[in-house]
Every structure is written in C-alpha cells, then in structure tokens.
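Q: Hey, dropping my_file_19.pdb in here, PDB, C-alpha atoms:
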```pdb
MODEL        1
ATOM      1  CA  MET K   5      70.340 135.449 248.612
ATOM      2  CA  LYS K   6      71.572 138.138 246.236
ATOM      3  CA  PRO K   7      75.010 137.630 244.636
ATOM      4  CA  ILE K   8      78.162 139.391 245.812
ATOM      5  CA  GLY K   9      78.162 141.690 242.763
ATOM      6  CA  PHE K  10      74.817 143.147 243.843
ATOM      7  CA  TRP K  11      76.001 143.792 247.411
ATOM      8  CA  PHE K  12      79.350 145.124 246.255
ATOM      9  CA  ALA K  13      77.718 147.633 243.898
ATOM     10  CA  HIS K  14      75.079 148.567 246.491
ATOM     11  CA  LEU K  15      77.679 149.076 249.218
ATOM     12  CA  HIS K  16      79.944 151.054 246.903
ATOM     13  CA  GLN K  17      77.099 153.442 246.046
ATOM     14  CA  ALA K  18      76.066 153.757 249.701
ATOM     15  CA  LEU K  19      79.645 154.512 250.794
ATOM     16  CA  GLU K  20      80.140 157.077 248.023
ATOM     17  CA  SER K  21      76.821 158.797 248.707
ATOM     18  CA  SER K  22      77.225 158.896 252.490
ATOM     19  CA  LEU K  23      80.790 160.188 252.356
ATOM     20  CA  GLU K  24      79.853 162.837 249.777
ATOM     21  CA  LYS K  25      77.051 164.033 252.083
ATOM     22  CA  THR K  26      79.449 164.189 255.028
ATOM     23  CA  LEU K  27      81.971 166.252 253.068
ATOM     24  CA  ALA K  28      79.443 168.407 251.211
ATOM     25  CA  THR K  29      78.507 170.156 254.465
ATOM     26  CA  LYS K  30      82.012 171.662 254.291
ATOM     27  CA  GLY K  31      81.845 172.432 250.573
ATOM     28  CA  LEU K  32      84.199 169.549 249.794
ATOM     29  CA  THR K  33      84.126 166.393 247.698
ATOM     30  CA  ARG K  34      85.560 162.940 248.226
ATOM     31  CA  ARG K  35      88.373 163.889 245.856
ATOM     32  CA  HIS K  36      89.296 166.833 248.137
ATOM     33  CA  TRP K  37      89.506 164.409 251.066
ATOM     34  CA  GLN K  38      91.554 161.876 249.110
ATOM     35  CA  VAL K  39      94.058 164.464 247.943
ATOM     36  CA  LEU K  40      94.398 166.075 251.402
ATOM     37  CA  ASN K  41      94.842 162.671 253.004
ATOM     38  CA  THR K  42      97.362 161.540 250.400
ATOM     39  CA  ILE K  43      99.427 164.716 250.783
ATOM     40  CA  ASP K  44      99.279 164.380 254.569
ATOM     41  CA  SER K  45     100.767 160.890 254.250
ATOM     42  CA  GLY K  46     103.923 162.478 252.829
ATOM     43  CA  THR K  47     103.199 162.174 249.131
ATOM     44  CA  GLN K  48     104.353 165.156 247.082
ATOM     45  CA  VAL K  49     101.578 167.410 245.799
ATOM     46  CA  ASP K  50     102.205 166.528 242.151
ATOM     47  CA  GLU K  51     102.125 162.796 242.982
ATOM     48  CA  ALA K  52      98.995 163.033 245.140
ATOM     49  CA  LEU K  53      96.704 162.913 242.152
ATOM     50  CA  SER K  54      98.126 159.848 240.441
ATOM     51  CA  PRO K  55      95.966 157.262 242.261
ATOM     52  CA  PHE K  56      92.825 159.207 241.350
ATOM     53  CA  GLY K  57      93.445 160.173 237.743
ATOM     54  CA  GLU K  58      94.175 163.742 236.718
ATOM     55  CA  ARG K  59      92.492 166.066 239.195
ATOM     56  CA  GLY K  60      94.423 169.299 238.806
ATOM     57  CA  GLU K  61      91.307 171.311 239.558
ATOM     58  CA  THR K  62      91.124 169.694 243.008
ATOM     59  CA  VAL K  63      94.660 170.733 243.928
ATOM     60  CA  ALA K  64      94.038 174.190 242.436
ATOM     61  CA  ASP K  65      90.971 174.525 244.677
ATOM     62  CA  LEU K  66      92.903 173.338 247.743
ATOM     63  CA  ARG K  67      95.670 175.840 246.930
ATOM     64  CA  ALA K  68      93.090 178.636 246.528
ATOM     65  CA  ARG K  69      91.689 177.753 249.960
ATOM     66  CA  GLY K  70      95.230 178.089 251.355
ATOM     67  CA  TRP K  71      95.388 174.432 252.425
ATOM     68  CA  VAL K  72      98.091 173.217 250.037
ATOM     69  CA  GLY K  73     101.407 174.846 249.243
ATOM     70  CA  ASP K  74     104.463 173.746 247.320
ATOM     71  CA  GLY K  75     105.753 171.767 250.289
ATOM     72  CA  GLY K  76     102.513 169.968 251.093
ATOM     73  CA  LEU K  77      99.743 170.921 253.492
ATOM     74  CA  THR K  78      99.877 174.373 255.008
ATOM     75  CA  GLU K  79      99.138 174.894 258.699
ATOM     76  CA  ALA K  80      95.516 175.657 257.793
ATOM     77  CA  GLY K  81      95.473 172.543 255.598
ATOM     78  CA  ARG K  82      96.737 170.381 258.461
ATOM     79  CA  GLU K  83      94.021 171.761 260.751
ATOM     80  CA  VAL K  84      91.311 171.087 258.166
ATOM     81  CA  HIS K  85      92.714 167.629 257.497
ATOM     82  CA  LEU K  86      92.635 166.754 261.216
ATOM     83  CA  ARG K  87      88.988 167.837 261.504
ATOM     84  CA  LEU K  88      88.062 165.931 258.348
ATOM     85  CA  LYS K  89      89.977 162.880 259.520
ATOM     86  CA  ALA K  90      87.853 162.789 262.673
ATOM     87  CA  GLU K  91      84.630 163.134 260.661
ATOM     88  CA  VAL K  92      85.681 160.475 258.162
ATOM     89  CA  GLY K  93      86.565 158.253 261.118
ATOM     90  CA  GLU K  94      83.038 158.694 262.459
ATOM     91  CA  PHE K  95      81.634 157.917 259.005
ATOM     92  CA  ARG K  96      83.693 154.707 258.918
ATOM     93  CA  LYS K  97      82.454 153.752 262.391
ATOM     94  CA  ARG K  98      78.856 154.151 261.213
ATOM     95  CA  ALA K  99      79.576 152.020 258.167
ATOM     96  CA  THR K 100      81.098 149.206 260.247
ATOM     97  CA  ASP K 101      78.710 149.339 263.203
ATOM     98  CA  GLY K 102      78.128 145.818 264.536
ATOM     99  CA  ILE K 103      81.043 144.350 262.553
ATOM    100  CA  SER K 104      83.975 142.953 264.514
ATOM    101  CA  ASP K 105      87.569 143.670 263.542
ATOM    102  CA  ASP K 106      87.964 140.016 262.566
ATOM    103  CA  GLU K 107      84.858 140.116 260.354
ATOM    104  CA  TYR K 108      86.102 143.282 258.690
ATOM    105  CA  ARG K 109      89.577 141.850 258.050
ATOM    106  CA  THR K 110      88.066 138.615 256.706
ATOM    107  CA  THR K 111      85.770 140.528 254.343
ATOM    108  CA  VAL K 112      88.582 142.725 253.038
ATOM    109  CA  GLY K 113      90.800 139.679 252.624
ATOM    110  CA  VAL K 114      88.159 137.833 250.612
ATOM    111  CA  LEU K 115      87.597 140.855 248.358
ATOM    112  CA  GLU K 116      91.358 141.221 247.832
ATOM    113  CA  ARG K 117      91.638 137.566 246.818
ATOM    114  CA  MET K 118      88.682 137.856 244.442
ATOM    115  CA  ALA K 119      90.246 140.939 242.835
ATOM    116  CA  ALA K 120      93.594 139.146 242.520
ATOM    117  CA  ASN K 121      91.877 136.140 240.930
ATOM    118  CA  LEU K 122      90.293 138.343 238.287
ATOM    119  CA  ALA K 123      93.462 140.387 237.769
ATOM    120  CA  ARG K 124      95.232 137.224 236.623
ATOM    121  CA  GLU K 125      92.851 136.838 233.680
TER     122      GLU K 125
ENDMDL
END
```
Spit out the file's structure as structure tokens when you get a sec.

A:
Amino acid sequence: MKPIGFWFAHLHQALESSLEKTLATKGLTRRHWQVLNTIDSGTQVDEALSPFGERGETVADLRARGWVGDGGLTEAGREVHLRLKAEVGEFRKRATDGISDDEYRTTVGVLERMAANLARE
C-alpha cells in the first residue's frame, strides 16, 4: 500500500488538472472560479483575493468581462457563476462517485486532524 502522502499528492494533481480542463472550455481558470465563488458568497471584491494570494489580474479580467463590479457580481456575473456552479458540482460528483457521504465526511475529518496535528509543530 502506498502512503497517504502519495495519494494526497496524486489526488491533488488529479483534482487540479480535471477542474482546469472543465473551466478551460470557457476560457477560465480555477482562480476565476474561486474569485467568482468567493464574491458570490458575499465577500467584498477587494477581500475576495486574500485566501488565494494576490490575484489582481484575475479580478481585472473578471471586470473586463463585465462579471464583477464595485458592488460584487454583476447580473452577467451571477448568470455565469450559476452555470459554473452547476458544472463544478458535476465535476465534484465525478470525483466522489461511489463514495458515501459518511465516507467523504470521515476522510475530510481525518485530513483536517492530520493538518491540525502538523500545524501544532
């Protein structure tokens, strides 16, 4: 059996690659999705980048597309976000196919505890 680090790295790469492919068909990146989703959750535009590092070019691109304004998502941005949300939901379903809700919650819980253990060091 391979160690958890192998599977974690392998899964991380597979998730990144698959999501990038899903979004690339729309000319978008994962960062576009993250920023749109964060703004949709009610976070101010200038705060939306903080979890992802400085990504001013992403917001500038979303503004140029007419999806983000000073007050958050524009009407067009909300429409795009809803379509992307459905596609990302389908991506997540593919990634968790055959995994029960309990198995998923257990896995996430174990990973959270492992991260917390290492954060204490």

Q: One decimal, in Å: what's the spacing between atom CA of Gly60 of chain K and atom CA of Ala13 of chain K?

A: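 Atom CA of Gly60 of chain K sits 27.8 Å away from atom CA of Ala13 of chain K.
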
Q: Give me, as a PyMOL selection string, all polymer residues having an atom no more than 9 Å from segment 85-92 of chain K, counting only C-alpha atoms and skipping those fewer than 4 positions away in the same chain.

A: chain K and resi 23+26-27+37+40-41+44+71+77+80-81+96-97

Q: Between atom CA of Glu24 of chain K and atom CA of Glu116 of chain K, what distance in Å does the model show, to one decimal?

A: 24.6 Å

Q: Which of these, K:His36, K:Arg82, K:His16, K:Arg124, has the shortest distance to Thr62 of chain K once you count all atoms listed in the file?

A: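 Answer, going by the shortest atom-to-atom distance: K:His36.
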
Q: Tell me which of K:Leu115, K:Leu66, K:Ile43, K:Ala99 sits closest to Glu20 of chain K, counting all atoms listed in the file.

A: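 Among K:Leu115, K:Leu66, K:Ile43, K:Ala99, it is K:Ala99 that comes nearest to Glu20 of chain K.
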
Q: Separation of atom CA of Thr42 of chain K and atom CA of Glu83 of chain K, in Å?

A: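 Separation of atom CA of Thr42 of chain K and atom CA of Glu83 of chain K: 14.9 Å.
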
Q: With distances taken over all atoms listed in the file, which of K:Ala123, K:Leu15, K:Glu94, K:Arg69 is nearest to Leu32 of chain K?

A: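 For Leu32 of chain K, the nearest of the candidates is K:Arg69.
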
Q: Do a neighbour search on Phe12 of chain K at 12 Å with all atoms listed in the file, toss out local chain neighbours closer than 4 positions, and write the hits as a ChimeraX atom specification.

A: /K:6-8,16-19,111-112,115,118
